[in-house]
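Below: model.cif (mmCIF, N, CA and C atoms)
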data_start
loop_
_atom_site.label_atom_id
_atom_site.label_comp_id
_atom_site.auth_asym_id
_atom_site.auth_seq_id
_atom_site.Cartn_x
_atom_site.Cartn_y
_atom_site.Cartn_z
N MET A 87 -20.54 -2.14 2.12
CA MET A 87 -21.29 -2.21 0.89
C MET A 87 -20.32 -2.40 -0.27
N VAL A 88 -20.57 -3.41 -1.08
CA VAL A 88 -19.74 -3.69 -2.24
C VAL A 88 -20.48 -3.24 -3.49
N LEU A 89 -19.84 -2.38 -4.26
CA LEU A 89 -20.44 -1.86 -5.48
C LEU A 89 -19.67 -2.34 -6.70
N SER A 90 -20.37 -2.50 -7.80
CA SER A 90 -19.71 -2.85 -9.05
C SER A 90 -19.02 -1.61 -9.61
N LYS A 91 -18.18 -1.81 -10.61
CA LYS A 91 -17.50 -0.67 -11.23
C LYS A 91 -18.51 0.28 -11.87
N LYS A 92 -19.59 -0.26 -12.42
CA LYS A 92 -20.63 0.58 -13.01
C LYS A 92 -21.27 1.47 -11.96
N LYS A 93 -21.53 0.89 -10.79
CA LYS A 93 -22.15 1.66 -9.71
C LYS A 93 -21.20 2.75 -9.21
N TYR A 94 -19.89 2.42 -9.12
CA TYR A 94 -18.91 3.43 -8.72
C TYR A 94 -18.87 4.57 -9.73
N ALA A 95 -18.92 4.24 -11.01
CA ALA A 95 -18.92 5.27 -12.05
C ALA A 95 -20.16 6.15 -11.93
N LEU A 96 -21.31 5.51 -11.71
CA LEU A 96 -22.56 6.26 -11.54
C LEU A 96 -22.48 7.15 -10.30
N LEU A 97 -21.96 6.62 -9.23
CA LEU A 97 -21.80 7.38 -8.00
C LEU A 97 -20.91 8.61 -8.23
N GLY A 98 -19.80 8.41 -8.94
CA GLY A 98 -18.92 9.52 -9.25
C GLY A 98 -19.60 10.58 -10.09
N TYR A 99 -20.35 10.14 -11.08
CA TYR A 99 -21.08 11.07 -11.94
C TYR A 99 -22.10 11.87 -11.13
N LEU A 100 -22.87 11.17 -10.30
CA LEU A 100 -23.88 11.85 -9.49
C LEU A 100 -23.24 12.83 -8.51
N LEU A 101 -22.17 12.40 -7.89
CA LEU A 101 -21.48 13.27 -6.93
C LEU A 101 -20.95 14.53 -7.62
N ALA A 102 -20.32 14.35 -8.79
CA ALA A 102 -19.77 15.50 -9.52
C ALA A 102 -20.87 16.43 -10.02
N SER A 103 -22.00 15.88 -10.44
CA SER A 103 -23.05 16.74 -11.00
C SER A 103 -23.95 17.36 -9.93
N LYS A 104 -24.22 16.65 -8.85
CA LYS A 104 -25.15 17.14 -7.82
C LYS A 104 -24.46 17.86 -6.66
N MET A 105 -23.21 17.46 -6.37
CA MET A 105 -22.48 18.04 -5.25
C MET A 105 -21.04 18.32 -5.67
N PRO A 106 -20.84 19.25 -6.59
CA PRO A 106 -19.49 19.48 -7.13
C PRO A 106 -18.47 19.92 -6.08
N SER A 107 -18.88 20.64 -5.06
CA SER A 107 -17.91 21.09 -4.05
C SER A 107 -17.38 19.90 -3.25
N ILE A 108 -18.26 18.97 -2.92
CA ILE A 108 -17.82 17.77 -2.20
C ILE A 108 -16.91 16.93 -3.10
N ALA A 109 -17.31 16.77 -4.36
CA ALA A 109 -16.49 16.01 -5.31
C ALA A 109 -15.11 16.64 -5.44
N SER A 110 -15.06 17.95 -5.53
CA SER A 110 -13.80 18.65 -5.66
C SER A 110 -12.91 18.46 -4.43
N SER A 111 -13.50 18.56 -3.25
CA SER A 111 -12.69 18.40 -2.03
C SER A 111 -12.20 16.96 -1.89
N LEU A 112 -13.01 16.00 -2.29
CA LEU A 112 -12.57 14.60 -2.26
C LEU A 112 -11.41 14.37 -3.23
N LEU A 113 -11.51 14.94 -4.41
CA LEU A 113 -10.43 14.81 -5.38
C LEU A 113 -9.16 15.49 -4.90
N THR A 114 -9.29 16.62 -4.26
CA THR A 114 -8.13 17.33 -3.72
C THR A 114 -7.45 16.48 -2.65
N MET A 115 -8.24 15.88 -1.77
CA MET A 115 -7.67 14.99 -0.74
C MET A 115 -6.94 13.84 -1.40
N HIS A 116 -7.53 13.28 -2.45
CA HIS A 116 -6.95 12.15 -3.15
C HIS A 116 -5.63 12.54 -3.81
N GLU A 117 -5.53 13.75 -4.34
CA GLU A 117 -4.34 14.19 -5.04
C GLU A 117 -3.24 14.66 -4.11
N GLU A 118 -3.55 14.89 -2.84
CA GLU A 118 -2.55 15.39 -1.89
C GLU A 118 -1.67 14.29 -1.32
N ARG A 119 -1.87 13.08 -1.77
CA ARG A 119 -1.05 11.99 -1.28
C ARG A 119 0.41 12.20 -1.66
N GLU A 120 1.29 11.54 -0.95
CA GLU A 120 2.73 11.63 -1.21
C GLU A 120 3.01 11.29 -2.67
N ASN A 121 3.81 12.10 -3.33
CA ASN A 121 4.07 11.91 -4.76
C ASN A 121 5.49 11.51 -5.09
N ASP A 122 6.41 11.65 -4.17
CA ASP A 122 7.81 11.42 -4.47
C ASP A 122 8.20 9.96 -4.25
N PHE A 123 7.99 9.15 -5.29
CA PHE A 123 8.30 7.73 -5.19
C PHE A 123 9.81 7.48 -5.10
N SER A 124 10.62 8.48 -5.41
CA SER A 124 12.07 8.30 -5.34
C SER A 124 12.55 8.05 -3.91
N LYS A 125 11.70 8.35 -2.93
CA LYS A 125 12.06 8.12 -1.53
C LYS A 125 11.93 6.66 -1.11
N ILE A 126 11.25 5.85 -1.91
CA ILE A 126 10.96 4.46 -1.52
C ILE A 126 12.23 3.64 -1.28
N PRO A 127 13.26 3.70 -2.13
CA PRO A 127 14.48 2.92 -1.82
C PRO A 127 15.09 3.31 -0.46
N GLY A 128 15.12 4.60 -0.16
CA GLY A 128 15.64 5.03 1.15
C GLY A 128 14.76 4.55 2.28
N LEU A 129 13.46 4.55 2.07
CA LEU A 129 12.54 4.05 3.09
C LEU A 129 12.73 2.55 3.30
N TYR A 130 13.05 1.84 2.22
CA TYR A 130 13.32 0.40 2.34
C TYR A 130 14.54 0.16 3.22
N HIS A 131 15.58 0.94 3.00
CA HIS A 131 16.79 0.78 3.81
C HIS A 131 16.54 1.18 5.27
N LEU A 132 15.75 2.21 5.48
CA LEU A 132 15.37 2.60 6.83
C LEU A 132 14.57 1.49 7.50
N PHE A 133 13.61 0.94 6.78
CA PHE A 133 12.79 -0.17 7.27
C PHE A 133 13.69 -1.34 7.69
N CYS A 134 14.64 -1.69 6.82
CA CYS A 134 15.55 -2.80 7.12
C CYS A 134 16.43 -2.49 8.33
N ALA A 135 16.83 -1.25 8.47
CA ALA A 135 17.64 -0.87 9.64
C ALA A 135 16.82 -0.99 10.91
N ILE A 136 15.57 -0.57 10.88
CA ILE A 136 14.69 -0.68 12.05
C ILE A 136 14.48 -2.15 12.41
N LYS A 137 14.29 -2.99 11.38
CA LYS A 137 14.07 -4.42 11.61
C LYS A 137 15.38 -5.17 11.87
N ASN A 138 16.52 -4.45 11.68
CA ASN A 138 17.85 -5.04 11.85
C ASN A 138 18.05 -6.25 10.92
N ILE A 139 17.75 -6.02 9.63
CA ILE A 139 17.89 -7.07 8.63
C ILE A 139 18.72 -6.54 7.46
N ASP A 140 19.30 -7.47 6.70
CA ASP A 140 20.07 -7.12 5.51
C ASP A 140 19.10 -6.97 4.33
N PRO A 141 19.05 -5.78 3.71
CA PRO A 141 18.10 -5.57 2.61
C PRO A 141 18.26 -6.56 1.46
N LEU A 142 19.47 -6.99 1.19
CA LEU A 142 19.71 -7.93 0.09
C LEU A 142 19.07 -9.30 0.34
N LEU A 143 18.97 -9.67 1.60
CA LEU A 143 18.39 -10.98 1.93
C LEU A 143 16.86 -10.99 1.81
N TYR A 144 16.28 -9.81 1.68
CA TYR A 144 14.83 -9.69 1.61
C TYR A 144 14.36 -9.17 0.25
N SER A 145 15.26 -9.17 -0.72
CA SER A 145 14.92 -8.76 -2.08
C SER A 145 14.89 -9.98 -2.99
N GLY A 146 14.23 -9.84 -4.12
CA GLY A 146 14.16 -10.93 -5.08
C GLY A 146 13.18 -12.00 -4.65
N PRO A 147 13.22 -13.15 -5.31
CA PRO A 147 12.31 -14.24 -4.96
C PRO A 147 12.58 -14.74 -3.54
N LEU A 148 11.54 -14.87 -2.76
CA LEU A 148 11.66 -15.36 -1.38
C LEU A 148 10.82 -16.62 -1.22
N HIS A 149 11.37 -17.56 -0.48
CA HIS A 149 10.64 -18.81 -0.27
C HIS A 149 10.35 -19.07 1.20
N LYS A 150 10.98 -18.33 2.07
CA LYS A 150 10.75 -18.51 3.50
C LYS A 150 9.61 -17.59 3.95
N SER A 151 8.62 -18.17 4.60
CA SER A 151 7.43 -17.39 4.95
C SER A 151 7.74 -16.22 5.88
N GLU A 152 8.74 -16.36 6.75
CA GLU A 152 9.05 -15.24 7.65
C GLU A 152 9.60 -14.05 6.88
N LYS A 153 10.37 -14.29 5.82
CA LYS A 153 10.88 -13.19 5.01
C LYS A 153 9.76 -12.56 4.18
N VAL A 154 8.86 -13.38 3.68
CA VAL A 154 7.72 -12.86 2.93
C VAL A 154 6.86 -12.00 3.84
N GLU A 155 6.69 -12.42 5.08
CA GLU A 155 5.91 -11.66 6.05
C GLU A 155 6.53 -10.29 6.30
N VAL A 156 7.86 -10.24 6.40
CA VAL A 156 8.56 -8.97 6.61
C VAL A 156 8.36 -8.08 5.40
N ARG A 157 8.45 -8.65 4.21
CA ARG A 157 8.24 -7.86 3.00
C ARG A 157 6.82 -7.30 2.96
N LYS A 158 5.87 -8.09 3.39
CA LYS A 158 4.48 -7.61 3.43
C LYS A 158 4.34 -6.44 4.40
N GLU A 159 5.06 -6.48 5.51
CA GLU A 159 5.04 -5.36 6.45
C GLU A 159 5.56 -4.10 5.76
N PHE A 160 6.63 -4.24 4.98
CA PHE A 160 7.18 -3.08 4.27
C PHE A 160 6.15 -2.53 3.28
N VAL A 161 5.53 -3.39 2.52
CA VAL A 161 4.53 -2.96 1.54
C VAL A 161 3.38 -2.25 2.26
N ALA A 162 2.95 -2.79 3.39
CA ALA A 162 1.86 -2.16 4.15
C ALA A 162 2.25 -0.77 4.63
N VAL A 163 3.48 -0.62 5.10
CA VAL A 163 3.96 0.69 5.55
C VAL A 163 3.96 1.68 4.39
N ILE A 164 4.47 1.25 3.25
CA ILE A 164 4.52 2.13 2.08
C ILE A 164 3.11 2.51 1.64
N LEU A 165 2.19 1.58 1.68
CA LEU A 165 0.80 1.91 1.34
C LEU A 165 0.24 2.96 2.29
N HIS A 166 0.53 2.83 3.57
CA HIS A 166 0.08 3.84 4.55
C HIS A 166 0.66 5.21 4.22
N MET A 167 1.90 5.25 3.77
CA MET A 167 2.55 6.53 3.48
C MET A 167 2.10 7.13 2.15
N TYR A 168 1.97 6.31 1.14
CA TYR A 168 1.73 6.81 -0.21
C TYR A 168 0.30 6.67 -0.70
N ASP A 169 -0.44 5.72 -0.17
CA ASP A 169 -1.78 5.46 -0.70
C ASP A 169 -2.71 4.92 0.39
N PRO A 170 -2.89 5.67 1.48
CA PRO A 170 -3.67 5.15 2.61
C PRO A 170 -5.14 4.86 2.27
N GLN A 171 -5.65 5.46 1.20
CA GLN A 171 -7.05 5.22 0.83
C GLN A 171 -7.31 3.78 0.43
N VAL A 172 -6.28 3.03 0.04
CA VAL A 172 -6.53 1.65 -0.37
C VAL A 172 -7.13 0.82 0.76
N TYR A 173 -6.85 1.21 1.99
CA TYR A 173 -7.39 0.46 3.13
C TYR A 173 -8.88 0.69 3.32
N GLU A 174 -9.42 1.70 2.66
CA GLU A 174 -10.85 2.00 2.75
C GLU A 174 -11.62 1.47 1.54
N GLN A 175 -10.91 0.99 0.53
CA GLN A 175 -11.54 0.54 -0.72
C GLN A 175 -11.87 -0.94 -0.66
N PRO A 176 -12.88 -1.35 -1.42
CA PRO A 176 -13.17 -2.79 -1.53
C PRO A 176 -11.99 -3.50 -2.20
N ILE A 177 -11.66 -4.66 -1.71
CA ILE A 177 -10.48 -5.39 -2.17
C ILE A 177 -10.56 -5.75 -3.66
N GLU A 178 -11.77 -5.94 -4.16
CA GLU A 178 -11.90 -6.37 -5.56
C GLU A 178 -11.70 -5.24 -6.57
N CYS A 179 -11.66 -4.00 -6.11
CA CYS A 179 -11.42 -2.90 -7.06
C CYS A 179 -10.55 -1.81 -6.42
N LEU A 180 -9.35 -2.21 -6.00
CA LEU A 180 -8.42 -1.24 -5.43
C LEU A 180 -7.92 -0.27 -6.49
N ASP A 181 -7.86 0.99 -6.14
CA ASP A 181 -7.33 2.03 -7.02
C ASP A 181 -5.95 2.39 -6.49
N ILE A 182 -4.94 1.69 -6.99
CA ILE A 182 -3.56 1.89 -6.54
C ILE A 182 -2.93 3.00 -7.37
N ARG A 183 -2.22 3.89 -6.69
CA ARG A 183 -1.60 5.03 -7.37
C ARG A 183 -0.71 4.57 -8.51
N PRO A 184 -0.83 5.23 -9.66
CA PRO A 184 0.03 4.90 -10.80
C PRO A 184 1.50 5.09 -10.42
N GLY A 185 2.30 4.11 -10.72
CA GLY A 185 3.73 4.17 -10.44
C GLY A 185 4.14 3.49 -9.16
N LEU A 186 3.22 3.33 -8.23
CA LEU A 186 3.59 2.75 -6.93
C LEU A 186 3.99 1.28 -7.08
N VAL A 187 3.25 0.51 -7.84
CA VAL A 187 3.58 -0.91 -8.03
C VAL A 187 4.96 -1.04 -8.67
N ARG A 188 5.23 -0.23 -9.67
CA ARG A 188 6.53 -0.29 -10.36
C ARG A 188 7.67 0.02 -9.40
N HIS A 189 7.51 1.04 -8.58
CA HIS A 189 8.57 1.40 -7.64
C HIS A 189 8.77 0.33 -6.57
N LEU A 190 7.68 -0.24 -6.08
CA LEU A 190 7.81 -1.33 -5.12
C LEU A 190 8.46 -2.55 -5.77
N SER A 191 8.12 -2.78 -7.02
CA SER A 191 8.72 -3.88 -7.77
C SER A 191 10.22 -3.68 -7.92
N ASP A 192 10.63 -2.46 -8.22
CA ASP A 192 12.06 -2.17 -8.37
C ASP A 192 12.81 -2.37 -7.06
N VAL A 193 12.23 -1.90 -5.96
CA VAL A 193 12.92 -1.97 -4.66
C VAL A 193 13.01 -3.41 -4.17
N THR A 194 11.95 -4.17 -4.34
CA THR A 194 11.95 -5.55 -3.84
C THR A 194 12.45 -6.55 -4.87
N THR A 195 12.75 -6.09 -6.06
CA THR A 195 13.19 -6.90 -7.20
C THR A 195 12.30 -8.12 -7.42
N GLN A 196 11.02 -7.84 -7.57
CA GLN A 196 10.06 -8.85 -7.97
C GLN A 196 9.21 -8.29 -9.10
N ASP A 197 8.55 -9.18 -9.82
CA ASP A 197 7.76 -8.68 -10.94
C ASP A 197 6.52 -7.95 -10.44
N LYS A 198 6.01 -7.06 -11.28
CA LYS A 198 4.90 -6.19 -10.90
C LYS A 198 3.63 -6.97 -10.56
N SER A 199 3.38 -8.07 -11.25
CA SER A 199 2.17 -8.84 -10.95
C SER A 199 2.22 -9.42 -9.54
N ARG A 200 3.39 -9.84 -9.12
CA ARG A 200 3.54 -10.36 -7.75
C ARG A 200 3.33 -9.25 -6.72
N VAL A 201 3.84 -8.06 -7.01
CA VAL A 201 3.65 -6.92 -6.11
C VAL A 201 2.17 -6.55 -6.04
N SER A 202 1.49 -6.53 -7.17
CA SER A 202 0.05 -6.22 -7.18
C SER A 202 -0.74 -7.22 -6.34
N ARG A 203 -0.41 -8.50 -6.47
CA ARG A 203 -1.08 -9.52 -5.64
C ARG A 203 -0.77 -9.30 -4.17
N MET A 204 0.49 -8.97 -3.88
CA MET A 204 0.89 -8.76 -2.49
C MET A 204 0.15 -7.56 -1.89
N ILE A 205 -0.05 -6.52 -2.68
CA ILE A 205 -0.77 -5.36 -2.18
C ILE A 205 -2.18 -5.76 -1.76
N ARG A 206 -2.85 -6.58 -2.56
CA ARG A 206 -4.19 -7.03 -2.21
C ARG A 206 -4.17 -7.88 -0.94
N GLU A 207 -3.17 -8.74 -0.81
CA GLU A 207 -3.02 -9.56 0.40
C GLU A 207 -2.80 -8.66 1.62
N VAL A 208 -1.92 -7.68 1.46
CA VAL A 208 -1.57 -6.78 2.56
C VAL A 208 -2.79 -5.98 3.02
N VAL A 209 -3.56 -5.46 2.09
CA VAL A 209 -4.75 -4.70 2.45
C VAL A 209 -5.71 -5.58 3.24
N THR A 210 -5.88 -6.80 2.80
CA THR A 210 -6.74 -7.74 3.53
C THR A 210 -6.17 -8.03 4.91
N MET A 211 -4.86 -8.26 4.99
CA MET A 211 -4.24 -8.57 6.27
C MET A 211 -4.38 -7.42 7.26
N VAL A 212 -4.21 -6.19 6.80
CA VAL A 212 -4.34 -5.02 7.69
C VAL A 212 -5.78 -4.94 8.21
N LYS A 213 -6.74 -5.23 7.36
CA LYS A 213 -8.14 -5.15 7.75
C LYS A 213 -8.56 -6.28 8.69
N VAL A 214 -7.96 -7.47 8.52
CA VAL A 214 -8.44 -8.66 9.22
C VAL A 214 -7.61 -9.01 10.45
N TYR A 215 -6.29 -8.89 10.36
CA TYR A 215 -5.41 -9.37 11.43
C TYR A 215 -4.90 -8.21 12.28
N ASP A 216 -5.39 -8.12 13.49
CA ASP A 216 -5.00 -7.03 14.39
C ASP A 216 -3.50 -7.03 14.69
N ASP A 217 -2.91 -8.21 14.87
CA ASP A 217 -1.49 -8.27 15.20
C ASP A 217 -0.63 -7.76 14.05
N PHE A 218 -1.00 -8.09 12.83
CA PHE A 218 -0.28 -7.58 11.66
C PHE A 218 -0.43 -6.06 11.59
N ASN A 219 -1.65 -5.59 11.75
CA ASN A 219 -1.92 -4.15 11.69
C ASN A 219 -1.14 -3.41 12.78
N GLU A 220 -1.05 -3.96 13.98
CA GLU A 220 -0.30 -3.31 15.06
C GLU A 220 1.19 -3.23 14.73
N ARG A 221 1.75 -4.30 14.15
CA ARG A 221 3.17 -4.28 13.76
C ARG A 221 3.41 -3.21 12.70
N VAL A 222 2.50 -3.12 11.74
CA VAL A 222 2.63 -2.12 10.68
C VAL A 222 2.55 -0.71 11.25
N GLU A 223 1.59 -0.48 12.14
CA GLU A 223 1.45 0.85 12.75
C GLU A 223 2.70 1.22 13.55
N GLU A 224 3.27 0.26 14.26
CA GLU A 224 4.48 0.52 15.05
C GLU A 224 5.65 0.86 14.13
N LEU A 225 5.79 0.11 13.03
CA LEU A 225 6.87 0.38 12.08
C LEU A 225 6.67 1.75 11.41
N LEU A 226 5.45 2.06 11.09
CA LEU A 226 5.12 3.35 10.47
C LEU A 226 5.50 4.49 11.39
N THR A 227 5.19 4.36 12.66
CA THR A 227 5.54 5.39 13.65
C THR A 227 7.06 5.55 13.74
N LYS A 228 7.78 4.44 13.79
CA LYS A 228 9.23 4.52 13.88
C LYS A 228 9.84 5.13 12.62
N MET A 229 9.28 4.82 11.46
CA MET A 229 9.84 5.33 10.22
C MET A 229 9.54 6.82 10.03
N LYS A 230 8.43 7.29 10.56
CA LYS A 230 8.09 8.70 10.43
C LYS A 230 8.91 9.56 11.37
N ASN A 231 9.45 8.97 12.45
CA ASN A 231 10.24 9.74 13.42
C ASN A 231 11.67 9.80 13.03
#

Mind turning this structure into structure tokens?
Amino acid sequence: MVLSKKKYALLGYLLASKMPSIASSLLTMHEERENDFSKIPGLYHLFCAIKNIDPLLYSGPLHKSEKVEVRKEFVAVILHMYDPQVYEQPIECLDIRPGLVRHLSDVTTQDKSRVSRMIREVVTMVKVYDDFNERVEELLTKMKN
């Protein structure tokens, strides 16, 4: 079901006014996400070590599709760690955690608008392409261990 922003606002209002305990528990779950963005550079280096790639070759503007694909895998892994709810949200109104785009932008040395677009692409790819999703899940498991 795709809802407009007005409908989401109405839904939030109704949930908060009619079922405050459920609204509170949902907000608590939302706020319990990983908050330490300072770990992202280290996670990038860990990701590159797992993939056996040079981090410098995958930073900045990329023109080779295979390198862009690897960067998308990294973004997908970080989304799973820091903002897993984005995979449940409609693509047209993603609620990305404040600061996450900036930190991903700093690590990958690309502008924030490009990172924001990539996040939307990645969310779609995880939802649509099983092979991409499997690679991301495998990388996520390796990085958490």

Nearby residues (only N, CA and C atoms) at most 6.5 Å from region 211-224 of chain A, same-chain spacing under 6 positions excluded, as a PyMOL selection string: chain A and resi 159+162-163

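Reported to one decimal place, the separation of CA of Ala95 (chain A) from CA of Glu207 (chain A) is 25.1 Å.
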
Residue nearest Thr210 (chain A) - candidates A:Tyr173, A:Gly146, A:Arg188, A:Met167, atoms counted: only N, CA and C atoms: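 So, comparing all the options, the nearest one is A:Tyr173.
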
For atom C of Phe133 (chain A) and atom N of Val187 (chain A), determine how far apart the two atoms are, in Å to one decimal place.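 Atom N of Val187 (chain A) lies at a distance of 18.8 Å from atom C of Phe133 (chain A).
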
With the PyMOL selection byres ((chain A and resi 189-205) around 7) as the selection, what would be picked from this file? Answer as a JSON list (two decimals) with N, CA and C atoms, in the frame of the given file, please.
[["chain", "number", "residue", "atom", "x", "y", "z"],
["A", 123, "PHE", "N", 7.99, 9.15, -5.29],
["A", 123, "PHE", "CA", 8.30, 7.73, -5.19],
["A", 123, "PHE", "C", 9.81, 7.48, -5.10],
["A", 126, "ILE", "N", 11.25, 5.85, -1.91],
["A", 126, "ILE", "CA", 10.96, 4.46, -1.52],
["A", 126, "ILE", "C", 12.23, 3.64, -1.28],
["A", 127, "PRO", "N", 13.26, 3.70, -2.13],
["A", 127, "PRO", "CA", 14.48, 2.92, -1.82],
["A", 127, "PRO", "C", 15.09, 3.31, -0.46],
["A", 144, "TYR", "N", 16.28, -9.81, 1.68],
["A", 144, "TYR", "CA", 14.83, -9.69, 1.61],
["A", 144, "TYR", "C", 14.36, -9.17, 0.25],
["A", 145, "SER", "N", 15.26, -9.17, -0.72],
["A", 145, "SER", "CA", 14.92, -8.76, -2.08],
["A", 145, "SER", "C", 14.89, -9.98, -2.99],
["A", 146, "GLY", "N", 14.23, -9.84, -4.12],
["A", 146, "GLY", "CA", 14.16, -10.93, -5.08],
["A", 146, "GLY", "C", 13.18, -12.00, -4.65],
["A", 147, "PRO", "N", 13.22, -13.15, -5.31],
["A", 147, "PRO", "CA", 12.31, -14.24, -4.96],
["A", 147, "PRO", "C", 12.58, -14.74, -3.54],
["A", 158, "LYS", "N", 5.87, -8.09, 3.39],
["A", 158, "LYS", "CA", 4.48, -7.61, 3.43],
["A", 158, "LYS", "C", 4.34, -6.44, 4.40],
["A", 161, "VAL", "N", 5.53, -3.39, 2.52],
["A", 161, "VAL", "CA", 4.53, -2.96, 1.54],
["A", 161, "VAL", "C", 3.38, -2.25, 2.26],
["A", 185, "GLY", "N", 2.30, 4.11, -10.72],
["A", 185, "GLY", "CA", 3.73, 4.17, -10.44],
["A", 185, "GLY", "C", 4.14, 3.49, -9.16],
["A", 186, "LEU", "N", 3.22, 3.33, -8.23],
["A", 186, "LEU", "CA", 3.59, 2.75, -6.93],
["A", 186, "LEU", "C", 3.99, 1.28, -7.08],
["A", 187, "VAL", "N", 3.25, 0.51, -7.84],
["A", 187, "VAL", "CA", 3.58, -0.91, -8.03],
["A", 187, "VAL", "C", 4.96, -1.04, -8.67],
["A", 188, "ARG", "N", 5.23, -0.23, -9.67],
["A", 188, "ARG", "CA", 6.53, -0.29, -10.36],
["A", 188, "ARG", "C", 7.67, 0.02, -9.40],
["A", 206, "ARG", "N", -2.85, -6.58, -2.56],
["A", 206, "ARG", "CA", -4.19, -7.03, -2.21],
["A", 206, "ARG", "C", -4.17, -7.88, -0.94],
["A", 207, "GLU", "N", -3.17, -8.74, -0.81],
["A", 207, "GLU", "CA", -3.02, -9.56, 0.40],
["A", 207, "GLU", "C", -2.80, -8.66, 1.62],
["A", 208, "VAL", "N", -1.92, -7.68, 1.46],
["A", 208, "VAL", "CA", -1.57, -6.78, 2.56],
["A", 208, "VAL", "C", -2.79, -5.98, 3.02],
["A", 209, "VAL", "N", -3.56, -5.46, 2.09],
["A", 209, "VAL", "CA", -4.75, -4.70, 2.45],
["A", 209, "VAL", "C", -5.71, -5.58, 3.24],
["A", 210, "THR", "N", -5.88, -6.80, 2.80],
["A", 210, "THR", "CA", -6.74, -7.74, 3.53],
["A", 210, "THR", "C", -6.17, -8.03, 4.91]]

How many Å lie between CA of Leu97 (chain A) and CA of Pro176 (chain A), rounded to one decimal?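 Going from CA of Leu97 (chain A) over to CA of Pro176 (chain A) covers 14.8 Å.
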